[in-house]
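Working notes, structure below.
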Amino acid sequence: MTESAVTAADVQAALRELANPADAVHLRRFFKTGPGEYGEGDVFLGVRVPASRAVAKRFAALALEEIDRLLDSAVHEDRFTALVILNARFAKASKPRSFDDATRAAMVELYLAAVRRGRVNNWDLVDVSAENIVGPWLLDKPRDLLFELAQADSLWERRVALLSTFAFIKAGDASATFAVSELLLHDRHDLIQKALGWMLREVGKRVDRGLLTGFLDRHAAAMGRTALSYATEHLLPEARADYRAR
């Protein structure tokens with residue numbers, strides 16, 4: 001389909017053909033949608049991730065304004081699919097032969113607006129998008145945005161900050177992860193703890209284990225148990241025990 005022929009309503013119709021009420025019940029529990037939980041009130045159709053990705057591939061030509069409309073849906077799978085499409089659009093605009101920085105800037109602006117109005121509001125939505133949009137955008141730019149997000153009141157903005165640094169890690173640069181992690185060392189929300197420890201672990205796996213242990217030497221005593229457990233997962237048992245004892 002051409003861009004002009006595809007609408008958010010087309011994507012929604014395709015997703016609703018795949019809806020499974022039994023899966024919707026499971027997903028509501030899995031993503032903590034009960035009263036007082038972090039995903040309170042979120043609505044699920046019961047469409048699994050591979051099926052949502054297949055729909056995103058079918059509607060890859062969705063225009064940015066239609067992606068934005070889809071991001072405003074109350075339905076979780078609509079927003080997930082919108083983000084997968086946006087990822088692909090951003091990656092295409094980032095390729096050397098089709099590089100379009102103005103379009104990339106518009107996509108980042110659209111994404112951040114959705115985050116800030118609470119439409120990227122669960123861990124899977126953050127994790128599928130931040131490292132593919134914000135992270136690559138900032139690789140050759142000042143990192144002020146990362147620090148702004150890391151200090152936001154919104155849990156999801158803080159997680160976006162951490163997950164965005166995954167793009168830096170994949171490029172062999174641990175500095176962004178360390179800078180954001182230092183800002184969030186004392187954040188004890190479980191979803192920040194897990195993301196912080198995960199990104200630090202990836203530094204040790206993908207960049208340099210010595211950089212990870214150097215960071216832990218400086219900061220292990222201030223870290224929460226969950227973050228420290230994730231960060232030390234691939235270290236030797238005696239090293240893990242030593243850091244956790246701090």
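Here's how to read the names in the structure tokens: chain A, B, ... by the order shown, residue numbers from 1 in each chain, ligand numbers from 1 in the order shown.
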Next on the checklist: Report as a ChimeraX atom specification all protein, DNA and RNA residues lying within 12 Å of Arg188 in chain A, evaluated on only C-alpha atoms, omitting residues in the same chain fewer than 5 positions from it.
Outcome noted: /A:155,158,193-197,222-228
Checklist entry - Mind checking DSSP for range 45-135 of chain A and telling me the helix (DSSP H, G or I) residues as a PyMOL selection string? => result chain A and resi 49-58+64-71+76-94+96-98+101-116+123-132+134-135
Contact table range 21-124 of chain A vs range 128-141 of chain A, cut-off 10 Å, shortest pair per residue, only C-alpha atoms, as JSON lines:
{"residue": "A:Phe80", "atom": "CA", "partner": "A:Val128", "partner_atom": "CA", "distance": 8.0}
{"residue": "A:Thr81", "atom": "CA", "partner": "A:Val128", "partner_atom": "CA", "distance": 9.9}
{"residue": "A:Ala82", "atom": "CA", "partner": "A:Ser129", "partner_atom": "CA", "distance": 10.0}
{"residue": "A:Leu83", "atom": "CA", "partner": "A:Ser129", "partner_atom": "CA", "distance": 6.2}
{"residue": "A:Val84", "atom": "CA", "partner": "A:Val128", "partner_atom": "CA", "distance": 7.2}
{"residue": "A:Ile85", "atom": "CA", "partner": "A:Ser129", "partner_atom": "CA", "distance": 9.9}
{"residue": "A:Leu86", "atom": "CA", "partner": "A:Ser129", "partner_atom": "CA", "distance": 8.2}
{"residue": "A:Asn87", "atom": "CA", "partner": "A:Asn132", "partner_atom": "CA", "distance": 6.0}
{"residue": "A:Ala88", "atom": "CA", "partner": "A:Asn132", "partner_atom": "CA", "distance": 8.8}
{"residue": "A:Arg89", "atom": "CA", "partner": "A:Ile133", "partner_atom": "CA", "distance": 9.7}
{"residue": "A:Phe90", "atom": "CA", "partner": "A:Ile133", "partner_atom": "CA", "distance": 6.7}
{"residue": "A:Ala91", "atom": "CA", "partner": "A:Asn132", "partner_atom": "CA", "distance": 7.7}
{"residue": "A:Ser94", "atom": "CA", "partner": "A:Pro136", "partner_atom": "CA", "distance": 8.8}
{"residue": "A:Asp101", "atom": "CA", "partner": "A:Trp137", "partner_atom": "CA", "distance": 9.2}
{"residue": "A:Arg104", "atom": "CA", "partner": "A:Trp137", "partner_atom": "CA", "distance": 7.6}
{"residue": "A:Ala105", "atom": "CA", "partner": "A:Trp137", "partner_atom": "CA", "distance": 8.0}
{"residue": "A:Met107", "atom": "CA", "partner": "A:Ile133", "partner_atom": "CA", "distance": 8.0}
{"residue": "A:Val108", "atom": "CA", "partner": "A:Val134", "partner_atom": "CA", "distance": 6.5}
{"residue": "A:Glu109", "atom": "CA", "partner": "A:Val134", "partner_atom": "CA", "distance": 9.6}
{"residue": "A:Tyr111", "atom": "CA", "partner": "A:Ile133", "partner_atom": "CA", "distance": 8.0}
{"residue": "A:Leu112", "atom": "CA", "partner": "A:Val134", "partner_atom": "CA", "distance": 8.4}
{"residue": "A:Val115", "atom": "CA", "partner": "A:Ala130", "partner_atom": "CA", "distance": 10.0}
{"residue": "A:Val120", "atom": "CA", "partner": "A:Ser129", "partner_atom": "CA", "distance": 9.0}
{"residue": "A:Trp123", "atom": "CA", "partner": "A:Val128", "partner_atom": "CA", "distance": 8.5}
{"residue": "A:Asp124", "atom": "CA", "partner": "A:Val128", "partner_atom": "CA", "distance": 6.0}
Next on the checklist: Quick one: residues within 12 Å of Ala5 in chain A, only C-alpha atoms, excluding same-chain residues fewer than 4 positions away - as a list in words?
Outcome noted: Met1, Ala9, Asp10, Val11, Phe59, Ala60, Ala61, Leu62, Ala63 and Glu66 of chain A
File of the preceding selection, N, CA and C atoms, as a compact mmCIF listing (two decimals), in the first residue's frame:
# COMPACT_ATOMS: atom_id res chain seq x y z
N MET A 1 0.84 -1.20 0.00
CA MET A 1 0.00 0.00 0.00
C MET A 1 0.87 1.25 0.00
N ALA A 9 -7.04 3.45 11.12
CA ALA A 9 -8.22 2.57 11.20
C ALA A 9 -7.97 1.24 10.52
N ASP A 10 -7.19 1.22 9.43
CA ASP A 10 -6.85 -0.03 8.75
C ASP A 10 -6.03 -0.93 9.67
N VAL A 11 -5.07 -0.34 10.36
CA VAL A 11 -4.24 -1.11 11.29
C VAL A 11 -5.10 -1.66 12.42
N PHE A 59 1.60 -2.80 7.24
CA PHE A 59 1.21 -1.39 7.14
C PHE A 59 2.42 -0.48 7.37
N ALA A 60 3.55 -0.89 6.83
CA ALA A 60 4.80 -0.14 7.03
C ALA A 60 4.76 1.25 6.42
N ALA A 61 3.84 1.49 5.48
CA ALA A 61 3.77 2.79 4.82
C ALA A 61 2.90 3.79 5.58
N LEU A 62 2.48 3.45 6.79
CA LEU A 62 1.60 4.34 7.55
C LEU A 62 2.25 5.71 7.75
N ALA A 63 1.53 6.76 7.40
CA ALA A 63 2.05 8.12 7.51
C ALA A 63 2.22 8.51 8.97
N GLU A 66 -0.83 9.37 10.93
CA GLU A 66 -1.63 8.20 11.25
C GLU A 66 -0.98 7.38 12.38
Checklist entry - Using only C-alpha atoms, which of the listed residues (A:Val49, A:Ala150, A:Ala239, A:Leu110) sits closest to Leu71 in chain A? => result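 Ranked by minimum distance to Leu71 in chain A, first place goes to A:Leu110.
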Checklist entry - In terms of the shortest atom-to-atom distance over only C-alpha atoms, which of A:Arg117, A:Arg48, A:Arg206, A:Arg143 is closest to His234 in chain A? => result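 Looking only at the distances to His234 in chain A, the closest residue turns out to be A:Arg206.
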What's the 8 Å shell around Ala161 in chain A, counting only C-alpha atoms, without same-chain residues fewer than 3 positions away, as a short mmCIF file (atom, residue, chain, number, x, y, z; two decimals) with N, CA and C atoms, in the first residue's frame?
data_model
loop_
_atom_site.label_atom_id
_atom_site.label_comp_id
_atom_site.auth_asym_id
_atom_site.auth_seq_id
_atom_site.Cartn_x
_atom_site.Cartn_y
_atom_site.Cartn_z
N ALA A 130 12.59 2.93 22.54
CA ALA A 130 13.57 3.94 22.97
C ALA A 130 14.93 3.73 22.33
N LEU A 146 18.70 13.09 27.27
CA LEU A 146 18.78 11.91 28.15
C LEU A 146 18.68 12.31 29.61
N PHE A 147 19.41 13.35 29.97
CA PHE A 147 19.43 13.76 31.37
C PHE A 147 18.09 14.38 31.79
N LEU A 149 15.15 13.47 30.54
CA LEU A 149 14.25 12.33 30.70
C LEU A 149 14.56 11.58 32.00
N ALA A 150 15.82 11.42 32.31
CA ALA A 150 16.22 10.66 33.51
C ALA A 150 15.75 11.33 34.79
N GLU A 157 9.32 8.07 31.28
CA GLU A 157 10.38 8.91 30.75
C GLU A 157 11.74 8.48 31.31
N ARG A 158 11.77 8.12 32.57
CA ARG A 158 13.03 7.67 33.17
C ARG A 158 13.49 6.35 32.54
N SER A 164 17.32 4.13 26.09
CA SER A 164 17.92 4.83 24.95
C SER A 164 19.42 4.64 24.91
N THR A 165 20.02 4.44 26.07
CA THR A 165 21.48 4.27 26.09
C THR A 165 21.93 2.93 25.51
N VAL A 180 23.58 8.29 32.85
CA VAL A 180 22.16 8.17 33.21
C VAL A 180 22.02 7.29 34.46
#
Item to check | Neighbour list for Lys32 in chain A as a ChimeraX atom specification, cut-off 12 Å, only C-alpha atoms, skip fewer than 4 positions in-chain | outcome: /A:25-28,36-44,121-124,191
Selected residues, N, CA, C and O atoms, written as a PDB file, in the first residue's frame, please.
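After the write, part-v3.pdb holds the following:
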ATOM      1  N   VAL A  25      -7.010 -11.475  28.800  1.00  0.00           N
ATOM      2  CA  VAL A  25      -7.054 -11.632  30.257  1.00  0.00           C
ATOM      3  C   VAL A  25      -5.649 -11.862  30.794  1.00  0.00           C
ATOM      4  O   VAL A  25      -5.232 -11.241  31.786  1.00  0.00           O
ATOM      5  N   HIS A  26      -4.908 -12.741  30.130  1.00  0.00           N
ATOM      6  CA  HIS A  26      -3.526 -13.018  30.561  1.00  0.00           C
ATOM      7  C   HIS A  26      -2.664 -11.767  30.461  1.00  0.00           C
ATOM      8  O   HIS A  26      -1.889 -11.454  31.384  1.00  0.00           O
ATOM      9  N   LEU A  27      -2.780 -11.035  29.361  1.00  0.00           N
ATOM     10  CA  LEU A  27      -1.939  -9.850  29.155  1.00  0.00           C
ATOM     11  C   LEU A  27      -2.266  -8.750  30.151  1.00  0.00           C
ATOM     12  O   LEU A  27      -1.370  -8.033  30.597  1.00  0.00           O
ATOM     13  N   ARG A  28      -3.527  -8.613  30.520  1.00  0.00           N
ATOM     14  CA  ARG A  28      -3.879  -7.605  31.534  1.00  0.00           C
ATOM     15  C   ARG A  28      -3.195  -7.906  32.861  1.00  0.00           C
ATOM     16  O   ARG A  28      -2.741  -6.999  33.556  1.00  0.00           O
ATOM     17  N   GLY A  36      -3.929   0.505  41.139  1.00  0.00           N
ATOM     18  CA  GLY A  36      -2.693   0.819  41.827  1.00  0.00           C
ATOM     19  C   GLY A  36      -1.446   0.254  41.188  1.00  0.00           C
ATOM     20  O   GLY A  36      -0.332   0.557  41.638  1.00  0.00           O
ATOM     21  N   GLU A  37      -1.591  -0.573  40.151  1.00  0.00           N
ATOM     22  CA  GLU A  37      -0.422  -1.138  39.479  1.00  0.00           C
ATOM     23  C   GLU A  37       0.069  -0.186  38.393  1.00  0.00           C
ATOM     24  O   GLU A  37      -0.641   0.726  37.972  1.00  0.00           O
ATOM     25  N   TYR A  38       1.300  -0.416  37.899  1.00  0.00           N
ATOM     26  CA  TYR A  38       1.890   0.559  36.990  1.00  0.00           C
ATOM     27  C   TYR A  38       1.168   0.647  35.647  1.00  0.00           C
ATOM     28  O   TYR A  38       1.237   1.665  34.980  1.00  0.00           O
ATOM     29  N   GLY A  39       0.453  -0.407  35.248  1.00  0.00           N
ATOM     30  CA  GLY A  39      -0.293  -0.368  33.987  1.00  0.00           C
ATOM     31  C   GLY A  39      -1.787  -0.215  34.192  1.00  0.00           C
ATOM     32  O   GLY A  39      -2.576  -0.606  33.324  1.00  0.00           O
ATOM     33  N   GLU A  40      -2.166   0.379  35.311  1.00  0.00           N
ATOM     34  CA  GLU A  40      -3.580   0.454  35.688  1.00  0.00           C
ATOM     35  C   GLU A  40      -4.462   0.942  34.543  1.00  0.00           C
ATOM     36  O   GLU A  40      -4.219   1.976  33.939  1.00  0.00           O
ATOM     37  N   GLY A  41      -5.509   0.155  34.266  1.00  0.00           N
ATOM     38  CA  GLY A  41      -6.528   0.573  33.315  1.00  0.00           C
ATOM     39  C   GLY A  41      -6.214   0.332  31.849  1.00  0.00           C
ATOM     40  O   GLY A  41      -7.051   0.619  30.988  1.00  0.00           O
ATOM     41  N   ASP A  42      -5.027  -0.183  31.531  1.00  0.00           N
ATOM     42  CA  ASP A  42      -4.691  -0.384  30.122  1.00  0.00           C
ATOM     43  C   ASP A  42      -5.614  -1.445  29.515  1.00  0.00           C
ATOM     44  O   ASP A  42      -6.031  -2.385  30.188  1.00  0.00           O
ATOM     45  N   VAL A  43      -5.909  -1.267  28.232  1.00  0.00           N
ATOM     46  CA  VAL A  43      -6.868  -2.117  27.521  1.00  0.00           C
ATOM     47  C   VAL A  43      -6.110  -3.026  26.548  1.00  0.00           C
ATOM     48  O   VAL A  43      -5.254  -2.552  25.795  1.00  0.00           O
ATOM     49  N   PHE A  44      -6.427  -4.313  26.558  1.00  0.00           N
ATOM     50  CA  PHE A  44      -5.768  -5.275  25.682  1.00  0.00           C
ATOM     51  C   PHE A  44      -6.786  -6.008  24.810  1.00  0.00           C
ATOM     52  O   PHE A  44      -7.870  -6.370  25.269  1.00  0.00           O
ATOM     53  N   ASN A 121       3.386   3.840  27.745  1.00  0.00           N
ATOM     54  CA  ASN A 121       3.133   3.756  29.180  1.00  0.00           C
ATOM     55  C   ASN A 121       3.148   2.342  29.739  1.00  0.00           C
ATOM     56  O   ASN A 121       2.388   2.006  30.644  1.00  0.00           O
ATOM     57  N   ASN A 122       4.050   1.533  29.194  1.00  0.00           N
ATOM     58  CA  ASN A 122       4.347   0.255  29.829  1.00  0.00           C
ATOM     59  C   ASN A 122       5.738  -0.157  29.375  1.00  0.00           C
ATOM     60  O   ASN A 122       6.268   0.401  28.409  1.00  0.00           O
ATOM     61  N   TRP A 123       6.325  -1.113  30.091  1.00  0.00           N
ATOM     62  CA  TRP A 123       7.735  -1.406  29.831  1.00  0.00           C
ATOM     63  C   TRP A 123       7.972  -1.943  28.431  1.00  0.00           C
ATOM     64  O   TRP A 123       8.998  -1.658  27.812  1.00  0.00           O
ATOM     65  N   ASP A 124       7.029  -2.719  27.897  1.00  0.00           N
ATOM     66  CA  ASP A 124       7.246  -3.264  26.551  1.00  0.00           C
ATOM     67  C   ASP A 124       7.214  -2.173  25.491  1.00  0.00           C
ATOM     68  O   ASP A 124       7.951  -2.229  24.496  1.00  0.00           O
ATOM     69  N   LEU A 191      10.844  -1.204  37.976  1.00  0.00           N
ATOM     70  CA  LEU A 191      11.093  -1.146  36.535  1.00  0.00           C
ATOM     71  C   LEU A 191      12.317  -0.302  36.187  1.00  0.00           C
ATOM     72  O   LEU A 191      12.915  -0.489  35.129  1.00  0.00           O
TER      73      LEU A 191
END
Checklist entry - By how many Å are CA of Met199 in chain A and CA of Phe30 in chain A apart? => result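 The value is 22.5 Å.
Closest approach to Phe215 in chain A among A:Glu182, A:Asp242, A:Glu233, A:Asp23 is made by A:Glu182 (distances from only C-alpha atoms).
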Item to check | Top pick for closest residue to Ala176 in chain A, considering A:Arg218, A:Ser154, A:Asp78, A:Leu162 and counting only C-alpha atoms | outcome: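 The answer is A:Leu162, which sits nearest to Ala176 in chain A.
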Checklist entry - To one decimal place, how far is CA of Ala19 in chain A from CA of Arg58 in chain A in Å? => result 16.9 Å
